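Chemist: Please read through the structure below; I'll follow up with questions.
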Amino acid sequence: MRSHFPSHLSNVGTFILFWTFLFASRAEAQDPAYSFSLDKARQRKTLITKVKMVPSTIKFQKVDVTIGDAWLERYADGGCYLCLQIDKGKESLWNFWLVVEDERSACAVHYGISRNWVQVARYLESPDLSKLRFSLIGDCNETRLKNIRFVPIK
């Protein structure tokens, strides 16, 4: 079927669609539900508290994994996000899930360019972390050890 557009305009629709999605996704990224740094959470005035991981190091696929900044951030609906940035062991986290209790859904994971930056975020209905246990797994069928806790830093 012959196009109604001149040959040099035959991909205009694809081009417009691509740029529409690109700008739409960039607009969402400019005001995400949670911050991509502790400083940004402070700037947005959504920071509830800094938290730390207990234990401070987890062995995952023979690599020690530690976190850098970690915080709870208030969300508009009254819930909050647990956000943490992986410090050491990023190279082992190509295919991992951080899960809460026995849930089948994982936390959101964001990777920076060249994997120099890895952030994990999890929506919680309450900032009370006292009863929540997390597991780091590589497969959704793995046993959840529930050996990770997050506690507020006072």
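Ordered as shown in the structure tokens, chains take letters A, B, and onward, while each chain numbers its residues from 1 and ligands are numbered from 1 in the order shown.
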With DSSP run on the backbone, what are the strand (DSSP E) residues within stretch 13-142 of chain A? I'd like them as a ChimeraX atom specification.
Modeler: /A:47-54,58-60,63-74,80-88,97-100,108-111,118-124,134-137
Chemist: Please produce an output containing N, CA and C atoms for each residue in the selection, written as a short mmCIF file (atom, residue, chain, number, x, y, z; two decimals), in the first residue's frame.
Modeler:
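Done, and the output landed in again_6.cif:
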data_model
loop_
_atom_site.label_atom_id
_atom_site.label_comp_id
_atom_site.auth_asym_id
_atom_site.auth_seq_id
_atom_site.Cartn_x
_atom_site.Cartn_y
_atom_site.Cartn_z
N LEU A 47 10.81 13.64 54.05
CA LEU A 47 11.61 12.73 54.86
C LEU A 47 10.93 12.51 56.21
N ILE A 48 10.74 11.23 56.57
CA ILE A 48 10.22 10.88 57.89
C ILE A 48 11.40 10.62 58.82
N THR A 49 12.31 9.74 58.41
CA THR A 49 13.49 9.42 59.20
C THR A 49 14.50 8.65 58.36
N LYS A 50 15.75 8.75 58.74
CA LYS A 50 16.77 7.87 58.18
C LYS A 50 16.61 6.51 58.84
N VAL A 51 17.00 5.45 58.13
CA VAL A 51 16.96 4.10 58.68
C VAL A 51 18.27 3.39 58.39
N LYS A 52 18.50 2.30 59.11
CA LYS A 52 19.67 1.47 58.83
C LYS A 52 19.22 0.02 58.69
N MET A 53 20.01 -0.75 57.96
CA MET A 53 19.72 -2.16 57.74
C MET A 53 20.38 -2.97 58.87
N VAL A 54 19.65 -3.95 59.39
CA VAL A 54 20.15 -4.86 60.40
C VAL A 54 19.95 -6.27 59.88
N ILE A 58 24.79 -8.18 54.27
CA ILE A 58 24.10 -9.43 53.88
C ILE A 58 24.94 -10.11 52.81
N LYS A 59 25.14 -11.41 52.96
CA LYS A 59 25.84 -12.20 51.94
C LYS A 59 24.80 -12.65 50.91
N PHE A 60 25.00 -12.24 49.64
CA PHE A 60 24.08 -12.62 48.57
C PHE A 60 24.90 -13.09 47.39
N VAL A 63 28.60 -12.57 47.67
CA VAL A 63 29.08 -11.18 47.71
C VAL A 63 28.45 -10.49 48.92
N ASP A 64 29.26 -9.70 49.63
CA ASP A 64 28.73 -8.90 50.73
C ASP A 64 28.00 -7.69 50.17
N VAL A 65 26.77 -7.49 50.63
CA VAL A 65 25.94 -6.37 50.19
C VAL A 65 25.70 -5.46 51.39
N THR A 66 25.97 -4.17 51.20
CA THR A 66 25.69 -3.17 52.23
C THR A 66 24.89 -2.04 51.60
N ILE A 67 24.27 -1.24 52.45
CA ILE A 67 23.53 -0.09 51.92
C ILE A 67 24.21 1.19 52.36
N GLY A 68 23.99 2.22 51.56
CA GLY A 68 24.46 3.56 51.91
C GLY A 68 23.31 4.28 52.58
N ASP A 69 22.84 5.35 51.96
CA ASP A 69 21.70 6.09 52.51
C ASP A 69 20.43 5.24 52.46
N ALA A 70 19.65 5.34 53.52
CA ALA A 70 18.35 4.66 53.58
C ALA A 70 17.42 5.54 54.39
N TRP A 71 16.16 5.62 53.96
CA TRP A 71 15.22 6.53 54.62
C TRP A 71 13.78 6.11 54.37
N LEU A 72 12.90 6.61 55.23
CA LEU A 72 11.46 6.51 55.05
C LEU A 72 10.98 7.86 54.57
N GLU A 73 10.11 7.83 53.56
CA GLU A 73 9.63 9.07 52.97
C GLU A 73 8.11 9.05 52.89
N ARG A 74 7.50 10.12 53.35
CA ARG A 74 6.03 10.26 53.37
C ARG A 74 5.48 10.31 51.94
N CYS A 80 3.95 5.47 53.05
CA CYS A 80 5.32 5.96 52.91
C CYS A 80 6.12 5.00 52.03
N TYR A 81 7.32 5.42 51.67
CA TYR A 81 8.24 4.59 50.91
C TYR A 81 9.50 4.36 51.73
N LEU A 82 9.94 3.12 51.76
CA LEU A 82 11.25 2.79 52.27
C LEU A 82 12.18 2.87 51.07
N CYS A 83 13.17 3.73 51.14
CA CYS A 83 14.12 3.91 50.04
C CYS A 83 15.52 3.61 50.54
N LEU A 84 16.29 2.90 49.76
CA LEU A 84 17.67 2.64 50.14
C LEU A 84 18.55 2.54 48.90
N GLN A 85 19.78 2.96 49.08
CA GLN A 85 20.75 2.88 48.00
C GLN A 85 21.79 1.84 48.36
N ILE A 86 22.06 0.95 47.42
CA ILE A 86 23.04 -0.11 47.64
C ILE A 86 24.42 0.51 47.58
N ASP A 87 25.25 0.21 48.57
CA ASP A 87 26.60 0.75 48.62
C ASP A 87 27.60 -0.25 48.05
N LYS A 88 27.77 -1.38 48.71
CA LYS A 88 28.70 -2.42 48.25
C LYS A 88 27.91 -3.61 47.75
N TRP A 97 15.69 -9.71 44.04
CA TRP A 97 14.45 -9.14 44.56
C TRP A 97 14.64 -8.90 46.05
N LEU A 98 14.21 -7.76 46.52
CA LEU A 98 14.09 -7.52 47.95
C LEU A 98 12.61 -7.62 48.24
N VAL A 99 12.24 -8.60 49.05
CA VAL A 99 10.83 -8.86 49.29
C VAL A 99 10.50 -8.71 50.78
N VAL A 100 9.24 -8.38 51.05
CA VAL A 100 8.75 -8.23 52.42
C VAL A 100 8.01 -9.51 52.78
N ALA A 108 10.66 -1.95 44.03
CA ALA A 108 11.12 -1.34 42.78
C ALA A 108 12.63 -1.16 42.85
N VAL A 109 13.31 -1.39 41.75
CA VAL A 109 14.77 -1.23 41.70
C VAL A 109 15.11 -0.30 40.55
N HIS A 110 15.98 0.66 40.82
CA HIS A 110 16.44 1.62 39.80
C HIS A 110 17.94 1.50 39.67
N TYR A 111 18.42 1.43 38.44
CA TYR A 111 19.84 1.32 38.18
C TYR A 111 20.33 2.58 37.49
N VAL A 118 22.47 2.12 42.51
CA VAL A 118 21.33 1.20 42.57
C VAL A 118 20.47 1.63 43.75
N GLN A 119 19.19 1.91 43.49
CA GLN A 119 18.27 2.28 44.55
C GLN A 119 17.09 1.32 44.56
N VAL A 120 16.65 1.01 45.76
CA VAL A 120 15.51 0.13 45.96
C VAL A 120 14.44 0.95 46.69
N ALA A 121 13.18 0.79 46.30
CA ALA A 121 12.08 1.51 46.96
C ALA A 121 10.91 0.56 47.15
N ARG A 122 10.26 0.68 48.31
CA ARG A 122 9.12 -0.17 48.62
C ARG A 122 8.03 0.66 49.30
N TYR A 123 6.82 0.60 48.76
CA TYR A 123 5.69 1.29 49.37
C TYR A 123 5.25 0.53 50.62
N LEU A 124 4.99 1.26 51.69
CA LEU A 124 4.49 0.69 52.94
C LEU A 124 3.27 1.50 53.38
N PHE A 134 12.52 -8.58 55.83
CA PHE A 134 12.80 -8.59 54.40
C PHE A 134 13.75 -9.73 54.07
N SER A 135 13.72 -10.13 52.80
CA SER A 135 14.64 -11.15 52.29
C SER A 135 15.20 -10.68 50.96
N LEU A 136 16.44 -11.01 50.72
CA LEU A 136 17.08 -10.76 49.43
C LEU A 136 17.14 -12.10 48.71
N ILE A 137 16.46 -12.18 47.56
CA ILE A 137 16.38 -13.45 46.83
C ILE A 137 16.71 -13.23 45.36
#
Chemist: Using only C-alpha atoms for the distances, tell me which of A:Asp102, A:Ala76, A:Lys90, A:Ala33 is nearest to A:Trp117.
Modeler: A:Lys90
Chemist: Just how far from atom CA of A:Lys131 is atom CA of A:Ala106, in Å to one decimal?
Modeler: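 Here the two named atoms are 17.7 Å from each other.
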Chemist: Grab the atom CA of A:Arg149 to atom CA of A:Arg42 distance for me, in Å with one decimal place.
Modeler: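 The value is 23.1 Å.
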Chemist: Could you state the separation of atom CA of A:Glu91 and atom CA of A:Phe150 in Å, given to one decimal place?
Modeler: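 Atom-to-atom, atom CA of A:Glu91 and atom CA of A:Phe150 are spaced 22.3 Å apart.
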